[in-house]
>>> print(open('data22.txt').read())   # compact mmCIF, C-alpha atoms and all ligand atoms
# COMPACT_ATOMS: atom_id res chain seq x y z
CA MET A 29 72.99 -18.54 -27.81
CA PRO A 30 70.39 -16.04 -26.56
CA GLU A 31 70.30 -12.87 -28.63
CA LEU A 32 68.45 -9.61 -27.97
CA PRO A 33 64.95 -11.00 -28.77
CA GLU A 34 65.42 -13.99 -26.46
CA VAL A 35 66.71 -11.77 -23.67
CA GLU A 36 63.75 -9.42 -24.18
CA ILE A 37 61.35 -12.37 -23.81
CA VAL A 38 63.05 -13.32 -20.54
CA ARG A 39 62.79 -9.69 -19.40
CA GLN A 40 59.07 -9.52 -20.13
CA THR A 41 58.42 -12.77 -18.28
CA LEU A 42 60.55 -11.74 -15.30
CA GLU A 43 59.02 -8.26 -15.14
CA LYS A 44 55.55 -9.78 -14.81
CA LYS A 45 56.67 -12.16 -12.13
CA ILE A 46 59.17 -10.37 -9.91
CA ARG A 47 58.28 -6.68 -10.12
CA LEU A 48 57.60 -5.30 -6.62
CA LYS A 49 58.64 -8.60 -5.07
CA LYS A 50 61.20 -8.81 -2.30
CA VAL A 51 64.20 -11.15 -2.37
CA LYS A 52 63.96 -13.49 0.59
CA LYS A 53 67.16 -15.42 0.18
CA VAL A 54 69.89 -16.16 -2.34
CA LEU A 55 71.60 -19.47 -2.87
CA VAL A 56 74.87 -19.53 -4.83
CA ARG A 57 75.87 -23.07 -5.70
CA ASN A 58 78.75 -22.18 -7.97
CA ARG A 59 80.51 -18.81 -7.98
CA ASN A 60 82.63 -19.63 -11.00
CA LEU A 61 80.74 -18.02 -13.83
CA ARG A 62 82.45 -15.81 -16.46
CA PHE A 63 83.14 -13.36 -13.65
CA LYS A 64 83.26 -14.80 -10.17
CA ILE A 65 80.12 -14.02 -8.18
CA PRO A 66 81.24 -11.74 -5.31
CA LEU A 67 81.05 -13.12 -1.77
CA ASN A 68 78.60 -10.42 -0.68
CA PHE A 69 76.18 -11.17 -3.54
CA GLY A 70 73.60 -12.93 -1.37
CA ASN A 71 73.67 -10.29 1.34
CA PHE A 72 73.43 -7.53 -1.24
CA LEU A 73 70.24 -8.93 -2.76
CA LYS A 74 68.59 -10.15 0.44
CA GLY A 75 65.62 -8.01 1.51
CA LYS A 76 65.79 -5.83 -1.61
CA GLN A 77 62.67 -5.03 -3.57
CA ILE A 78 62.76 -5.22 -7.36
CA ILE A 79 61.01 -2.23 -8.89
CA LYS A 80 61.68 -2.95 -12.54
CA VAL A 81 63.42 -5.36 -14.88
CA LYS A 82 65.12 -3.51 -17.71
CA ARG A 83 67.22 -4.66 -20.61
CA PHE A 84 70.01 -3.11 -22.59
CA SER A 85 71.35 -5.08 -25.54
CA LYS A 86 71.75 -8.59 -24.14
CA TYR A 87 72.00 -7.49 -20.50
CA LEU A 88 69.14 -7.87 -18.06
CA ILE A 89 69.07 -5.20 -15.36
CA LEU A 90 67.28 -5.86 -12.08
CA CYS A 91 66.49 -2.43 -10.61
CA PHE A 92 66.08 -2.26 -6.83
CA SER A 93 64.12 0.25 -4.76
CA SER A 94 67.43 1.16 -3.08
CA ASN A 95 68.65 2.68 -6.41
CA ASN A 96 71.18 0.00 -7.12
CA PHE A 97 71.19 -2.75 -9.70
CA CYS A 98 72.10 -6.30 -10.57
CA LEU A 99 73.22 -7.03 -14.12
CA LEU A 100 72.70 -10.45 -15.58
CA HIS A 101 74.14 -11.70 -18.85
CA LEU A 102 73.09 -15.13 -20.11
CA GLY A 103 76.34 -15.80 -21.97
CA MET A 104 76.25 -18.70 -24.43
CA SER A 105 73.91 -21.11 -22.68
CA GLY A 106 72.32 -19.36 -19.69
CA THR A 107 68.61 -19.77 -19.02
CA ILE A 108 66.35 -18.54 -16.27
CA HIS A 109 63.77 -20.86 -14.78
CA LEU A 110 60.78 -19.81 -12.73
CA VAL A 111 59.97 -22.45 -10.16
CA GLN A 112 56.80 -22.28 -8.06
CA ASN A 113 57.10 -23.68 -4.56
CA LYS A 114 54.27 -26.13 -5.09
CA ASN A 115 54.43 -27.01 -8.79
CA GLN A 116 57.43 -29.25 -9.26
CA GLY A 117 58.10 -30.73 -12.70
CA CYS A 118 56.22 -28.07 -14.73
CA ILE A 119 57.53 -25.97 -17.62
CA THR A 120 59.90 -23.54 -15.95
CA ASN A 121 62.03 -21.97 -18.72
CA THR A 122 61.34 -18.28 -19.36
CA SER A 123 62.42 -18.55 -23.00
CA PHE A 124 61.92 -21.11 -25.73
CA TYR A 125 65.45 -22.35 -26.14
CA ASN A 126 67.13 -25.16 -24.20
CA SER A 127 65.40 -27.34 -21.65
CA PRO A 128 61.74 -26.41 -20.95
CA ILE A 129 61.88 -27.86 -17.45
CA LEU A 130 64.48 -27.24 -14.80
CA PRO A 131 67.53 -29.41 -15.60
CA LYS A 132 69.06 -31.42 -12.78
CA LYS A 133 72.58 -30.01 -13.27
CA HIS A 134 74.16 -26.57 -13.65
CA ASN A 135 71.69 -24.65 -11.49
CA HIS A 136 74.27 -22.18 -10.20
CA VAL A 137 72.21 -19.43 -8.58
CA GLU A 138 68.77 -19.38 -6.94
CA ILE A 139 67.03 -16.15 -6.04
CA ILE A 140 64.23 -17.03 -3.68
CA PHE A 141 61.01 -15.03 -3.24
CA GLU A 142 57.95 -15.67 -1.10
CA ASN A 143 56.16 -18.33 -3.17
CA PHE A 144 58.60 -19.04 -5.95
CA LYS A 145 62.22 -18.79 -6.96
CA ILE A 146 64.20 -17.98 -10.08
CA VAL A 147 66.98 -20.37 -10.94
CA TYR A 148 69.94 -19.52 -13.15
CA ASN A 149 71.08 -22.50 -15.20
CA ASP A 150 74.20 -22.33 -17.36
CA PRO A 151 76.08 -25.46 -18.53
CA ARG A 152 78.93 -23.52 -20.19
CA ARG A 153 79.16 -20.79 -17.52
CA PHE A 154 79.85 -17.86 -19.85
CA GLY A 155 77.04 -15.88 -18.26
CA PHE A 156 77.48 -13.67 -15.21
CA PHE A 157 75.91 -11.57 -12.46
CA GLN A 158 77.27 -8.19 -11.50
CA ILE A 159 76.36 -5.79 -8.71
CA ILE A 160 76.11 -2.13 -9.76
CA ASN A 161 76.04 0.35 -6.91
CA ASN A 162 74.44 3.39 -8.52
CA LEU A 163 73.02 4.89 -11.70
CA ASN A 164 76.32 6.51 -12.67
CA SER A 165 78.15 3.19 -12.62
CA LEU A 166 75.35 1.68 -14.69
CA LYS A 167 75.67 4.43 -17.31
CA LYS A 168 79.44 4.00 -17.33
CA LYS A 169 79.04 0.30 -17.96
CA PHE A 170 77.26 0.93 -21.27
CA LEU A 171 79.20 4.03 -22.33
CA ASN A 172 81.03 2.33 -25.19
CA PHE A 173 78.02 0.51 -26.53
CA GLY A 174 76.36 1.74 -29.72
CA PRO A 175 72.61 2.47 -29.65
CA GLU A 176 70.09 -0.34 -30.06
CA PRO A 177 68.39 -0.45 -33.48
CA PHE A 178 65.12 0.78 -31.88
CA ASN A 179 66.80 3.90 -30.51
CA SER A 180 66.31 7.14 -32.46
CA LYS A 181 70.08 7.66 -32.21
CA PHE A 182 70.46 4.78 -34.67
CA ASN A 183 69.70 7.09 -37.59
CA ILE A 184 71.09 7.94 -41.01
CA GLU A 185 73.43 10.70 -39.73
CA TYR A 186 74.89 8.34 -37.13
CA ILE A 187 75.43 5.53 -39.63
CA SER A 188 76.88 7.73 -42.39
CA SER A 189 79.40 9.36 -40.08
CA PHE A 190 80.33 6.01 -38.51
CA PHE A 191 80.94 4.42 -41.92
CA ARG A 192 82.87 7.32 -43.48
CA GLY A 193 86.23 6.12 -44.75
CA LYS A 194 85.90 2.68 -43.09
CA LYS A 195 86.87 -0.35 -45.12
CA LYS A 196 85.51 -3.17 -42.99
CA ASN A 197 82.52 -5.07 -44.40
CA ILE A 198 78.94 -4.46 -43.31
CA LYS A 199 78.45 -7.89 -41.71
CA ASN A 200 81.30 -7.12 -39.31
CA PHE A 201 79.76 -3.79 -38.35
CA LEU A 202 76.32 -5.22 -37.67
CA ILE A 203 77.70 -7.57 -35.04
CA ASP A 204 80.06 -4.93 -33.61
CA GLN A 205 78.51 -3.78 -30.31
CA ASN A 206 80.39 -0.47 -30.46
CA PHE A 207 78.43 0.39 -33.58
CA VAL A 208 75.01 -1.06 -32.77
CA SER A 209 73.94 -2.99 -29.68
CA GLY A 210 72.07 -6.25 -29.70
CA ILE A 211 72.44 -7.61 -33.23
CA GLY A 212 74.00 -11.05 -33.15
CA ASN A 213 75.25 -13.34 -35.88
CA ILE A 214 71.88 -14.89 -36.77
CA TYR A 215 70.03 -11.61 -37.15
CA ALA A 216 72.85 -9.90 -39.07
CA SER A 217 72.43 -12.38 -41.95
CA GLU A 218 68.64 -11.97 -41.89
CA ILE A 219 68.86 -8.15 -41.91
CA LEU A 220 71.28 -8.04 -44.86
CA PHE A 221 69.07 -10.42 -46.83
CA LEU A 222 66.08 -8.11 -46.41
CA CYS A 223 68.28 -5.17 -47.49
CA LYS A 224 69.57 -7.09 -50.57
CA ILE A 225 73.10 -6.19 -49.48
CA ASP A 226 76.15 -8.41 -49.96
CA PRO A 227 77.52 -9.14 -46.43
CA SER A 228 81.08 -8.59 -47.73
CA LYS A 229 80.38 -5.10 -49.05
CA LYS A 230 82.75 -2.50 -47.58
CA VAL A 231 80.80 0.06 -45.60
CA HIS A 232 82.31 3.15 -47.24
CA LEU A 233 80.75 1.94 -50.50
CA LEU A 234 77.20 1.73 -49.09
CA LYS A 235 74.72 4.21 -50.60
CA ILE A 236 72.43 6.35 -48.43
CA ASP A 237 69.48 4.26 -49.54
CA GLU A 238 71.20 1.08 -48.39
CA CYS A 239 71.99 2.61 -44.99
CA LYS A 240 68.32 3.55 -44.61
CA LYS A 241 67.34 -0.02 -45.39
CA ILE A 242 69.74 -1.27 -42.72
CA ILE A 243 68.02 0.88 -40.08
CA THR A 244 64.50 -0.18 -41.07
CA ASN A 245 65.27 -3.85 -41.48
CA SER A 246 67.26 -4.12 -38.25
CA ARG A 247 64.15 -2.95 -36.42
CA ILE A 248 61.83 -5.19 -38.43
CA VAL A 249 63.88 -8.33 -37.90
CA LEU A 250 64.39 -7.86 -34.14
CA LEU A 251 60.77 -6.86 -33.47
CA LYS A 252 59.52 -9.79 -35.49
CA ALA A 253 61.78 -12.15 -33.57
CA ILE A 254 60.51 -10.74 -30.27
CA ARG A 255 56.95 -11.17 -31.45
CA TYR A 256 57.53 -14.78 -32.45
CA GLY A 257 59.42 -15.49 -29.26
CA GLY A 258 56.51 -14.00 -27.40
CA SER A 259 53.89 -16.04 -29.12
CA SER A 260 56.04 -19.11 -28.76
CA ILE A 261 56.25 -18.47 -25.02
CA ARG A 262 52.48 -18.39 -24.86
CA ASP A 263 52.17 -21.64 -26.85
CA PHE A 264 54.92 -23.05 -24.74
CA ARG A 265 53.04 -22.42 -21.56
CA ASN A 266 49.62 -23.40 -22.84
CA ALA A 267 50.41 -26.38 -25.00
CA LYS A 268 53.50 -27.38 -23.01
CA GLY A 269 55.52 -27.97 -26.16
CA LYS A 270 57.90 -26.10 -28.41
CA LYS A 271 56.31 -24.47 -31.42
CA GLY A 272 56.05 -21.32 -33.46
CA ASN A 273 59.48 -19.91 -32.76
CA PHE A 274 61.40 -17.58 -35.01
CA GLN A 275 63.77 -20.23 -36.35
CA LYS A 276 61.08 -21.36 -38.76
CA ASN A 277 61.01 -17.88 -40.26
CA PHE A 278 64.68 -17.64 -41.12
CA LYS A 279 65.17 -16.49 -44.70
CA VAL A 280 68.86 -17.32 -44.98
CA TYR A 281 70.35 -18.39 -41.64
CA ASN A 282 71.19 -22.11 -41.63
CA ARG A 283 69.66 -22.53 -45.11
CA GLU A 284 72.82 -23.24 -47.09
CA GLY A 285 72.09 -24.89 -50.47
CA LEU A 286 68.35 -24.18 -50.31
CA ASN A 287 66.42 -21.94 -52.72
CA CYS A 288 66.10 -18.23 -52.01
CA LYS A 289 62.72 -17.39 -50.46
CA ARG A 290 62.43 -14.06 -52.26
CA TYR A 291 59.61 -14.00 -54.81
CA ARG A 292 60.92 -14.79 -58.31
CA CYS A 293 64.57 -14.98 -57.22
CA GLU A 294 66.26 -18.09 -58.56
CA GLY A 295 69.25 -17.80 -56.25
CA VAL A 296 70.62 -20.35 -53.83
CA ILE A 297 71.62 -19.62 -50.24
CA LYS A 298 75.39 -19.71 -49.77
CA LYS A 299 77.46 -19.76 -46.62
CA LYS A 300 80.78 -18.09 -46.07
CA VAL A 301 82.88 -17.35 -43.05
CA ILE A 302 83.46 -13.68 -42.20
CA SER A 303 85.67 -13.06 -39.15
CA ASN A 304 85.19 -16.66 -37.99
CA ARG A 305 81.41 -16.39 -38.07
CA SER A 306 79.12 -18.18 -40.54
CA THR A 307 77.32 -15.77 -42.82
CA PHE A 308 74.42 -16.75 -45.07
CA TYR A 309 73.30 -14.88 -48.19
CA CYS A 310 71.59 -15.34 -51.55
CA ASN A 311 74.00 -15.59 -54.47
CA ILE A 312 71.71 -13.61 -56.79
CA CYS A 313 69.65 -10.97 -54.95
CA GLN A 314 72.41 -9.94 -52.54
CA ILE A 315 75.17 -9.38 -55.10
ZN ZN A 401 67.60 -14.29 -53.70
>>> encode(input="data22.txt", output="structure tokens")
Amino acid sequence: MPELPEVEIVRQTLEKKIRLKKVKKVLVRNRNLRFKIPLNFGNFLKGKQIIKVKRFSKYLILCFSSNNFCLLHLGMSGTIHLVQNKNQGCITNTSFYNSPILPKKHNHVEIIFENFKIVYNDPRRFGFFQIINNLNSLKKKFLNFGPEPFNSKFNIEYISSFFRGKKKNIKNFLIDQNFVSGIGNIYASEILFLCKIDPSKKVHLLKIDECKKIITNSRIVLLKAIRYGGSSIRDFRNAKGKKGNFQKNFKVYNREGLNCKRYRCEGVIKKKVISNRSTFYCNICQI
């Protein structure tokens, strides 16, 4: 599933490619995504110029010169492919996960520009497109979302007041988008490992120092993942193969039964299920 770093990589690639370009035509092959694509979708986009590609949390935001927007969420399995008119069969994926070249099936939406097109592929169809008519509606859309870890609003005062008197565990909060936006299941385990915090610890018991570590390490983990995703994209394009992605740098995620990577720690990585999600932690340095 794409998380914030993967979506940011897609944003960077798209921004380079489609900024200031005009949509020539839109082809909707299948309207039945998580939310049905509206009938006027093609007409809405046609002729519009994209002035910027933004991102909030895991949402991509195409900003048009006409001051309206198109939201795109990749869901569980959505990918965006850039297809040049003349170069068929090349690497098309804008991120490093899933098929590097345009799959034959599940290409639900095509947004066509002068010399290329972007194709939305999504086998499980949990992703969606949404038209947003003005800036106010866009702000409203994200009103109940917590700040991203990079935002200065994600600070010690915010965290302390949010956690006061709450008895849920920290792992649950890190993946709760009302508290903080853009941390998914994988990165929550990685962040708590760096903080040496037990994922089951109740948040009202966290010390100020631990909250500070959560802020710093959330930023470190996401930025590092973006950096690796970025370099992997470059390798991907140059060498035409998958390498150097962030998965290889996981400290705990998917490492059940393996030794802890922390210097001199003799712990073993354990897995437990918290709110139906797998959580990985070291049984010595995170207790
Ligand atoms: Zn350890």
>>> closest_residue(input="data22.txt", among="A:Ile187, A:Ile108, A:Leu32, A:Ile65", to="Ile211 in chain A", atoms="only C-alpha atoms")
A:Leu32
>>> residues_around(input="data22.txt", residues="range 273-288 of chain A", least_positions_apart="5", cutoff="7 Å", atoms="all atoms listed in the file", output="list in words")
Ile214, Ser217, Glu218, Ala253, Tyr256, Gly257, Ser260, Cys293, Glu294, Gly295, Val296, Ile297, Lys298, Lys299, Phe308, Tyr309 and Cys310 of chain A
>>> write_last_selection(input="data22.txt", atoms="C-alpha atoms", output="short mmCIF file (atom, residue, chain, number, x, y, z; two decimals), in the coordinates of the input")
data_model
loop_
_atom_site.label_atom_id
_atom_site.label_comp_id
_atom_site.auth_asym_id
_atom_site.auth_seq_id
_atom_site.Cartn_x
_atom_site.Cartn_y
_atom_site.Cartn_z
CA ILE A 214 71.88 -14.89 -36.77
CA SER A 217 72.43 -12.38 -41.95
CA GLU A 218 68.64 -11.97 -41.89
CA ALA A 253 61.78 -12.15 -33.57
CA TYR A 256 57.53 -14.78 -32.45
CA GLY A 257 59.42 -15.49 -29.26
CA SER A 260 56.04 -19.11 -28.76
CA CYS A 293 64.57 -14.98 -57.22
CA GLU A 294 66.26 -18.09 -58.56
CA GLY A 295 69.25 -17.80 -56.25
CA VAL A 296 70.62 -20.35 -53.83
CA ILE A 297 71.62 -19.62 -50.24
CA LYS A 298 75.39 -19.71 -49.77
CA LYS A 299 77.46 -19.76 -46.62
CA PHE A 308 74.42 -16.75 -45.07
CA TYR A 309 73.30 -14.88 -48.19
CA CYS A 310 71.59 -15.34 -51.55
#
>>> residues_around(input="data22.txt", residues="Asp150 in chain A", least_positions_apart="4", cutoff="10 Å", atoms="all atoms listed in the file", output="PyMOL selection string")
chain A and resi 61+102-108+131+133-137+154-156
>>> atom_distance(input="data22.txt", atom1="CA of Asp237 in chain A", atom2="CA of Leu220 in chain A")
13.3 Å
>>> atom_distance(input="data22.txt", atom1="CA of Ile312 in chain A", atom2="CA of Asp226 in chain A")
9.7 Å
>>> residues_near_point(input="data22.txt", point="(62.9, -28.4, -18.1)", cutoff="10 Å", atoms="only C-alpha atoms", output="list in words")
His109, Gly117, Cys118, Ile119, Thr120, Asn121, Asn126, Ser127, Pro128, Ile129, Leu130, Pro131 and Lys132 of chain A
>>> atom_distance(input="data22.txt", atom1="CA of Thr307 in chain A", atom2="CA of Lys230 in chain A")
15.1 Å
>>> closest_residue(input="data22.txt", among="A:Leu234, A:Ile248, A:Asn58, A:Phe221", to="ligand ZN 401 (chain A)", atoms="all atoms listed in the file")
A:Phe221
>>> residues_around(input="data22.txt", residues="Leu48 in chain A", least_positions_apart="6", cutoff="12 Å", atoms="all atoms listed in the file", output="list in words")
Leu42, Gly75, Lys76, Gln77, Ile78, Ile79, Lys80, Val81, Leu90, Cys91, Phe92, Ser93, Phe141 and Glu142 of chain A
>>> residues_around(input="data22.txt", residues="Ile160 in chain A", least_positions_apart="4", cutoff="9 Å", atoms="all atoms listed in the file", output="CSV table (one decimal) with C-alpha atoms, keeping the file's coordinate frame")
chain,number,residue,atom,x,y,z
A,96,ASN,CA,71.2,0.0,-7.1
A,97,PHE,CA,71.2,-2.8,-9.7
A,98,CYS,CA,72.1,-6.3,-10.6
A,99,LEU,CA,73.2,-7.0,-14.1
A,165,SER,CA,78.2,3.2,-12.6
A,166,LEU,CA,75.4,1.7,-14.7
>>> closest_residue(input="data22.txt", among="A:Arg247, A:His101, A:Arg57, A:Lys114", to="Lys145 in chain A", atoms="only C-alpha atoms")
A:Lys114
>>> residues_near_point(input="data22.txt", point="(80.0, 4.6, -44.8)", cutoff="8 Å", atoms="only C-alpha atoms", output="PyMOL selection string")
chain A and resi 187-194+231-235
>>> closest_residue(input="data22.txt", among="A:Val51, A:Cys239, A:Ala216, A:Ile254", to="Ile140 in chain A", atoms="all atoms listed in the file")
A:Val51
>>> closest_residue(input="data22.txt", among="A:Ile225, A:Ile146, A:Leu250, A:Val301", to="ligand ZN 401 (chain A)", atoms="all atoms listed in the file")
A:Ile225
>>> residues_around(input="data22.txt", residues="Val54 in chain A", least_positions_apart="3", cutoff="7 Å", atoms="all atoms listed in the file", output="VMD selection string")
chain A and resid 70 74 138 to 140
>>> closest_residue(input="data22.txt", among="A:Gln40, A:Asn245, A:Ser303, A:Asn60", to="Arg153 in chain A", atoms="all atoms listed in the file")
A:Asn60
>>> build_atoms(input="data22.txt", residues="range 193-206 of chain A", atoms="N, CA and C atoms", output="compact mmCIF listing (two decimals), in the coordinates of the input")
# COMPACT_ATOMS: atom_id res chain seq x y z
N GLY A 193 84.82 6.51 -44.62
CA GLY A 193 86.23 6.12 -44.75
C GLY A 193 86.58 4.75 -44.19
N LYS A 194 85.59 3.99 -43.69
CA LYS A 194 85.90 2.68 -43.09
C LYS A 194 85.83 1.57 -44.14
N LYS A 195 86.78 0.66 -44.05
CA LYS A 195 86.87 -0.35 -45.12
C LYS A 195 86.46 -1.76 -44.67
N LYS A 196 85.99 -1.85 -43.43
CA LYS A 196 85.51 -3.17 -42.99
C LYS A 196 84.18 -3.47 -43.68
N ASN A 197 83.79 -4.75 -43.72
CA ASN A 197 82.52 -5.07 -44.40
C ASN A 197 81.32 -4.90 -43.45
N ILE A 198 80.16 -4.80 -44.06
CA ILE A 198 78.94 -4.46 -43.31
C ILE A 198 78.55 -5.55 -42.30
N LYS A 199 78.79 -6.80 -42.65
CA LYS A 199 78.45 -7.89 -41.71
C LYS A 199 79.21 -7.70 -40.39
N ASN A 200 80.49 -7.36 -40.51
CA ASN A 200 81.30 -7.12 -39.31
C ASN A 200 80.74 -5.99 -38.46
N PHE A 201 80.29 -4.93 -39.11
CA PHE A 201 79.76 -3.79 -38.35
C PHE A 201 78.47 -4.14 -37.63
N LEU A 202 77.61 -4.92 -38.30
CA LEU A 202 76.32 -5.22 -37.67
C LEU A 202 76.46 -6.01 -36.38
N ILE A 203 77.53 -6.81 -36.28
CA ILE A 203 77.70 -7.57 -35.04
C ILE A 203 78.69 -6.89 -34.08
N ASP A 204 79.13 -5.69 -34.46
CA ASP A 204 80.06 -4.93 -33.61
C ASP A 204 79.25 -4.09 -32.61
N GLN A 205 79.36 -4.42 -31.32
CA GLN A 205 78.51 -3.78 -30.31
C GLN A 205 78.87 -2.30 -30.08
N ASN A 206 80.05 -1.89 -30.56
CA ASN A 206 80.39 -0.47 -30.46
C ASN A 206 79.61 0.36 -31.48
